[in-house]
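Scroll down for the structure; my scribbles are underneath it.
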Amino acid sequence: MTERTFSILKPDATERNLTGAINAVIEKAGLRIVAQKRIKMSRADAEQFYGVHKERPFFGELVETMTSAPVVVQVLEGDGAIAKYREIMGATNPAQAADGTIRKLYAKSIGENSVHGSDAPETAKAEIAQFFPDAEIVG
Ligand code: GDP
């Protein structure tokens, strides 16, 4: 089933000029980048985006990290896009990520793990809506 997922290339990736390298992995996996823009996330954006983690001990660090440098926000489209992107991203902790995954290839640590991808259809819908009006998504 064709579906859409939301992706972020995080500050550690944009700082190291890895936008193109990560996009190459995404496209090679058969996912289409149907919306993309480079932004500086505001604190309010990051706090809303990661609201589910607000009681976690790493929340402050997470918000600091996500607002420290530009990010690239994206909508990816493809067959089973949500699960497929999670698969090619690799485990949250790069030390546990499988060979060939984006996090194995590029992530520096659990806190600077290069990419975000939605984990379910409802979160994908909400995350896409936070950053992209419908008119900016061209499939
Ligand atoms: P994801 O869906 O694989 O991104 O993982 P989670 O939803 O569990 O966590 C969201 C993000 O919070 C992760 O991508 C990490 O950047 C960050 N994070 C999760 N656990 C930790 C942790 O123990 N320490 C730090 N510093 N960051 C964490």
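Naming works like this for the structure tokens: A, B, ... for the chains as they're shown, residue 1 at the start of each chain, ligands 1 onward in shown order.
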Could you name the residues that touch A:Ala98 at 10 Å or less, counting only C-alpha atoms, but leaving out those on the same chain fewer than 6 positions away, as a PDB file with C-alpha atoms, in the first residue's frame?
```
ATOM      1  CA  GLU A  87      14.131  -0.391   8.453  1.00  0.00           C
ATOM      2  CA  ILE A  88      16.671   1.637   6.460  1.00  0.00           C
ATOM      3  CA  MET A  89      17.142   4.131   9.342  1.00  0.00           C
ATOM      4  CA  GLY A  90      18.327   1.364  11.684  1.00  0.00           C
ATOM      5  CA  ALA A  91      18.083   1.142  15.485  1.00  0.00           C
ATOM      6  CA  LYS A 104      25.037   2.539  11.153  1.00  0.00           C
ATOM      7  CA  LEU A 105      26.626   4.463   8.293  1.00  0.00           C
TER       8      LEU A 105
END
```
Residues of chain A within 10 Å of ligand 1: nearest atom pair and distance (Å, one decimal) for each, counting only C-alpha atoms and all ligand atoms, sorted by chain and number, as a Markdown table?
```
| residue | atom | partner | partner_atom_place_in_ligand_line | distance |
| --- | --- | --- | --- | --- |
| A:Ile8 | CA | ligand 1 | 4 (O) | 9.8 |
| A:Lys10 | CA | ligand 1 | 16 (O) | 8.8 |
| A:Phe49 | CA | ligand 1 | 10 (C) | 10.0 |
| A:Tyr50 | CA | ligand 1 | 10 (C) | 7.3 |
| A:Val52 | CA | ligand 1 | 7 (O) | 8.5 |
| A:His53 | CA | ligand 1 | 10 (C) | 7.5 |
| A:Arg56 | CA | ligand 1 | 20 (N) | 8.5 |
| A:Pro57 | CA | ligand 1 | 24 (N) | 7.8 |
| A:Phe58 | CA | ligand 1 | 25 (C) | 5.0 |
| A:Phe59 | CA | ligand 1 | 27 (N) | 7.5 |
| A:Gly60 | CA | ligand 1 | 26 (N) | 8.8 |
| A:Glu61 | CA | ligand 1 | 26 (N) | 6.0 |
| A:Leu62 | CA | ligand 1 | 27 (N) | 5.9 |
| A:Val63 | CA | ligand 1 | 12 (O) | 9.1 |
| A:Thr65 | CA | ligand 1 | 16 (O) | 8.4 |
| A:Met66 | CA | ligand 1 | 16 (O) | 8.6 |
| A:Arg86 | CA | ligand 1 | 3 (O) | 7.8 |
| A:Met89 | CA | ligand 1 | 3 (O) | 8.1 |
| A:Gly90 | CA | ligand 1 | 3 (O) | 7.8 |
| A:Ala91 | CA | ligand 1 | 3 (O) | 6.1 |
| A:Thr92 | CA | ligand 1 | 3 (O) | 3.9 |
| A:Asn93 | CA | ligand 1 | 3 (O) | 7.6 |
| A:Pro94 | CA | ligand 1 | 3 (O) | 9.7 |
| A:Arg103 | CA | ligand 1 | 3 (O) | 9.6 |
| A:Ala107 | CA | ligand 1 | 16 (O) | 9.8 |
| A:Ser109 | CA | ligand 1 | 26 (N) | 8.1 |
| A:Ile110 | CA | ligand 1 | 15 (C) | 5.3 |
| A:Gly111 | CA | ligand 1 | 27 (N) | 3.8 |
| A:Glu112 | CA | ligand 1 | 16 (O) | 5.8 |
| A:Asn113 | CA | ligand 1 | 16 (O) | 5.6 |
| A:Ser114 | CA | ligand 1 | 16 (O) | 8.0 |
| A:Val115 | CA | ligand 1 | 14 (O) | 7.1 |
| A:His116 | CA | ligand 1 | 4 (O) | 5.1 |
| A:Gly117 | CA | ligand 1 | 2 (O) | 6.4 |
| A:Ser118 | CA | ligand 1 | 2 (O) | 6.9 |
| A:Asp119 | CA | ligand 1 | 2 (O) | 6.4 |
```
Go ahead and save the picked residues with C-alpha atoms, as a compact mmCIF listing (two decimals), in the first residue's frame.
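And here is the file that came out, selection20.txt:
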```
# COMPACT_ATOMS: atom_id res chain seq x y z
CA ILE A 8 14.00 14.64 9.49
CA LYS A 10 18.90 16.01 11.96
CA PHE A 49 7.32 17.48 17.94
CA TYR A 50 8.88 15.46 20.76
CA VAL A 52 5.63 12.39 23.85
CA HIS A 53 9.12 12.35 25.43
CA ARG A 56 12.13 11.58 29.78
CA PRO A 57 15.51 12.55 31.26
CA PHE A 58 16.96 13.29 27.82
CA PHE A 59 14.14 15.67 26.74
CA GLY A 60 16.10 18.89 27.39
CA GLU A 61 19.13 17.57 25.55
CA LEU A 62 16.91 16.39 22.67
CA VAL A 63 15.35 19.84 22.24
CA THR A 65 20.20 19.14 19.84
CA MET A 66 17.29 19.52 17.41
CA ARG A 86 12.30 2.63 9.90
CA MET A 89 17.14 4.13 9.34
CA GLY A 90 18.33 1.36 11.68
CA ALA A 91 18.08 1.14 15.49
CA THR A 92 17.84 4.34 17.59
CA ASN A 93 21.23 3.55 19.14
CA PRO A 94 23.71 3.36 16.25
CA ARG A 103 22.33 5.21 11.46
CA ALA A 107 25.06 8.38 13.26
CA SER A 109 25.54 8.54 19.05
CA ILE A 110 22.02 7.89 20.35
CA GLY A 111 21.52 11.63 20.78
CA GLU A 112 23.02 12.52 17.40
CA ASN A 113 21.56 9.75 15.32
CA SER A 114 21.16 11.60 12.01
CA VAL A 115 17.53 10.84 11.15
CA HIS A 116 13.96 10.73 12.41
CA GLY A 117 11.16 8.66 10.88
CA SER A 118 7.53 8.31 11.94
CA ASP A 119 6.64 5.10 13.78
```
* Asked: For the atom pair atom CA of A:Leu18 and atom CA of A:Ile102, what is the interatomic distance in Å to one decimal place?
  ->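 Distance between the two atoms: 10.6 Å.
For stretch 74-115 of chain A, a DSSP pass over the backbone yields helix (DSSP H, G or I) at Ala81, Ile82, Ala83, Lys84, Tyr85, Arg86, Glu87, Ile88, Met89, Pro94, Ala95, Gln96, Ile102, Arg103, Lys104, Leu105 and Tyr106 of chain A.
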Serialized selection, N, CA and C atoms, as a tab-separated table (two decimals), in the first residue's frame:
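And here is the file that came out, selection_31.tsv:
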```tsv
chain	number	residue	atom	x	y	z
A	81	ALA	N	5.82	2.76	3.25
A	81	ALA	CA	6.89	3.75	3.51
A	81	ALA	C	7.28	3.87	4.99
A	82	ILE	N	6.30	3.75	5.87
A	82	ILE	CA	6.60	3.95	7.31
A	82	ILE	C	7.57	2.86	7.79
A	83	ALA	N	7.21	1.61	7.56
A	83	ALA	CA	8.07	0.50	8.00
A	83	ALA	C	9.37	0.44	7.21
A	84	LYS	N	9.28	0.73	5.92
A	84	LYS	CA	10.49	0.67	5.09
A	84	LYS	C	11.52	1.70	5.56
A	85	TYR	N	11.06	2.92	5.87
A	85	TYR	CA	12.02	3.94	6.32
A	85	TYR	C	12.61	3.57	7.68
A	86	ARG	N	11.77	3.06	8.59
A	86	ARG	CA	12.30	2.63	9.90
A	86	ARG	C	13.38	1.55	9.69
A	87	GLU	N	13.16	0.68	8.72
A	87	GLU	CA	14.13	-0.39	8.45
A	87	GLU	C	15.45	0.19	7.94
A	88	ILE	N	15.40	1.12	7.01
A	88	ILE	CA	16.67	1.64	6.46
A	88	ILE	C	17.32	2.67	7.38
A	89	MET	N	16.54	3.24	8.33
A	89	MET	CA	17.14	4.13	9.34
A	89	MET	C	18.05	3.33	10.28
A	94	PRO	N	22.94	3.82	17.41
A	94	PRO	CA	23.71	3.36	16.25
A	94	PRO	C	24.59	2.14	16.55
A	95	ALA	N	24.95	1.95	17.82
A	95	ALA	CA	25.76	0.78	18.18
A	95	ALA	C	24.99	-0.51	17.91
A	96	GLN	N	23.65	-0.40	17.89
A	96	GLN	CA	22.82	-1.59	17.64
A	96	GLN	C	22.23	-1.62	16.23
A	102	ILE	N	21.14	3.77	7.67
A	102	ILE	CA	21.61	5.16	7.74
A	102	ILE	C	22.31	5.43	9.07
A	103	ARG	N	21.72	4.94	10.15
A	103	ARG	CA	22.33	5.21	11.46
A	103	ARG	C	23.65	4.45	11.63
A	104	LYS	N	23.75	3.26	11.09
A	104	LYS	CA	25.04	2.54	11.15
A	104	LYS	C	26.10	3.28	10.34
A	105	LEU	N	25.67	3.78	9.17
A	105	LEU	CA	26.63	4.46	8.29
A	105	LEU	C	27.06	5.82	8.86
A	106	TYR	N	26.10	6.57	9.42
A	106	TYR	CA	26.37	7.99	9.68
A	106	TYR	C	26.17	8.47	11.11
```
* What residues in chain A get the DSSP label strand (DSSP E or B)? Please answer as a list in words. ->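 Taking chain A and keeping strand (DSSP E or B) gives Thr2, Glu3, Arg4, Thr5, Phe6, Ser7, Ile8, Leu9, Arg32, Ile33, Val34, Ala35, Gln36, Lys37, Arg38, Ile39, Val71, Val72, Val73, Gln74, Val75, Leu76, Glu77, Gly78, Asp79, Val115, His116 and Gly117 of chain A.
Put simply, atom CA of A:Lys37 is 10.7 Å away from atom CA of A:Ile137.
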* Pairwise distance for atom CA of A:Thr14 and atom CA of A:Val72, rounded to one decimal in Å ->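 Atom CA of A:Val72 lies 7.5 Å from atom CA of A:Thr14.
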* Quick one: residues within 6 Å of stretch 69-71 of chain A, only C-alpha atoms counted, chain neighbours fewer than 4 positions away excluded, as an NGL selection string? -> :A and (9-11 or 38-40)
Just the selected residues (N, CA, C and O atoms), exported as a PDB file, in the first residue's frame, please.
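What landed in out-v2.pdb:
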```pdb
ATOM      1  N   LEU A   9      16.219  14.962   8.557  1.00  0.00           N
ATOM      2  CA  LEU A   9      17.677  14.826   8.582  1.00  0.00           C
ATOM      3  C   LEU A   9      18.133  15.792   9.658  1.00  0.00           C
ATOM      4  O   LEU A   9      17.960  17.007   9.556  1.00  0.00           O
ATOM      5  N   LYS A  10      18.667  15.248  10.732  1.00  0.00           N
ATOM      6  CA  LYS A  10      18.900  16.008  11.965  1.00  0.00           C
ATOM      7  C   LYS A  10      20.157  16.885  11.864  1.00  0.00           C
ATOM      8  O   LYS A  10      20.963  16.745  10.935  1.00  0.00           O
ATOM      9  N   PRO A  11      20.334  17.800  12.857  1.00  0.00           N
ATOM     10  CA  PRO A  11      21.467  18.730  12.802  1.00  0.00           C
ATOM     11  C   PRO A  11      22.840  18.064  12.607  1.00  0.00           C
ATOM     12  O   PRO A  11      23.687  18.593  11.873  1.00  0.00           O
ATOM     13  N   ARG A  38      14.676  22.822   4.039  1.00  0.00           N
ATOM     14  CA  ARG A  38      15.676  22.985   5.088  1.00  0.00           C
ATOM     15  C   ARG A  38      15.204  24.132   5.973  1.00  0.00           C
ATOM     16  O   ARG A  38      14.900  25.220   5.481  1.00  0.00           O
ATOM     17  N   ILE A  39      15.106  23.871   7.272  1.00  0.00           N
ATOM     18  CA  ILE A  39      14.608  24.883   8.218  1.00  0.00           C
ATOM     19  C   ILE A  39      15.468  24.874   9.474  1.00  0.00           C
ATOM     20  O   ILE A  39      16.206  23.918   9.726  1.00  0.00           O
ATOM     21  N   LYS A  40      15.354  25.926  10.242  1.00  0.00           N
ATOM     22  CA  LYS A  40      15.918  25.923  11.596  1.00  0.00           C
ATOM     23  C   LYS A  40      14.724  25.695  12.514  1.00  0.00           C
ATOM     24  O   LYS A  40      13.802  26.497  12.544  1.00  0.00           O
TER      25      LYS A  40
END
```
* **Within 9 Å of A:Val75 using only C-alpha atoms, minus same-chain residues under 5 positions, as a list in words** => Arg4, Thr5, Phe6, Ser7, Ile8, Arg32, Ile33, Val34, Ala35, Gln36, Ile128, Phe132 and Ile137 of chain A
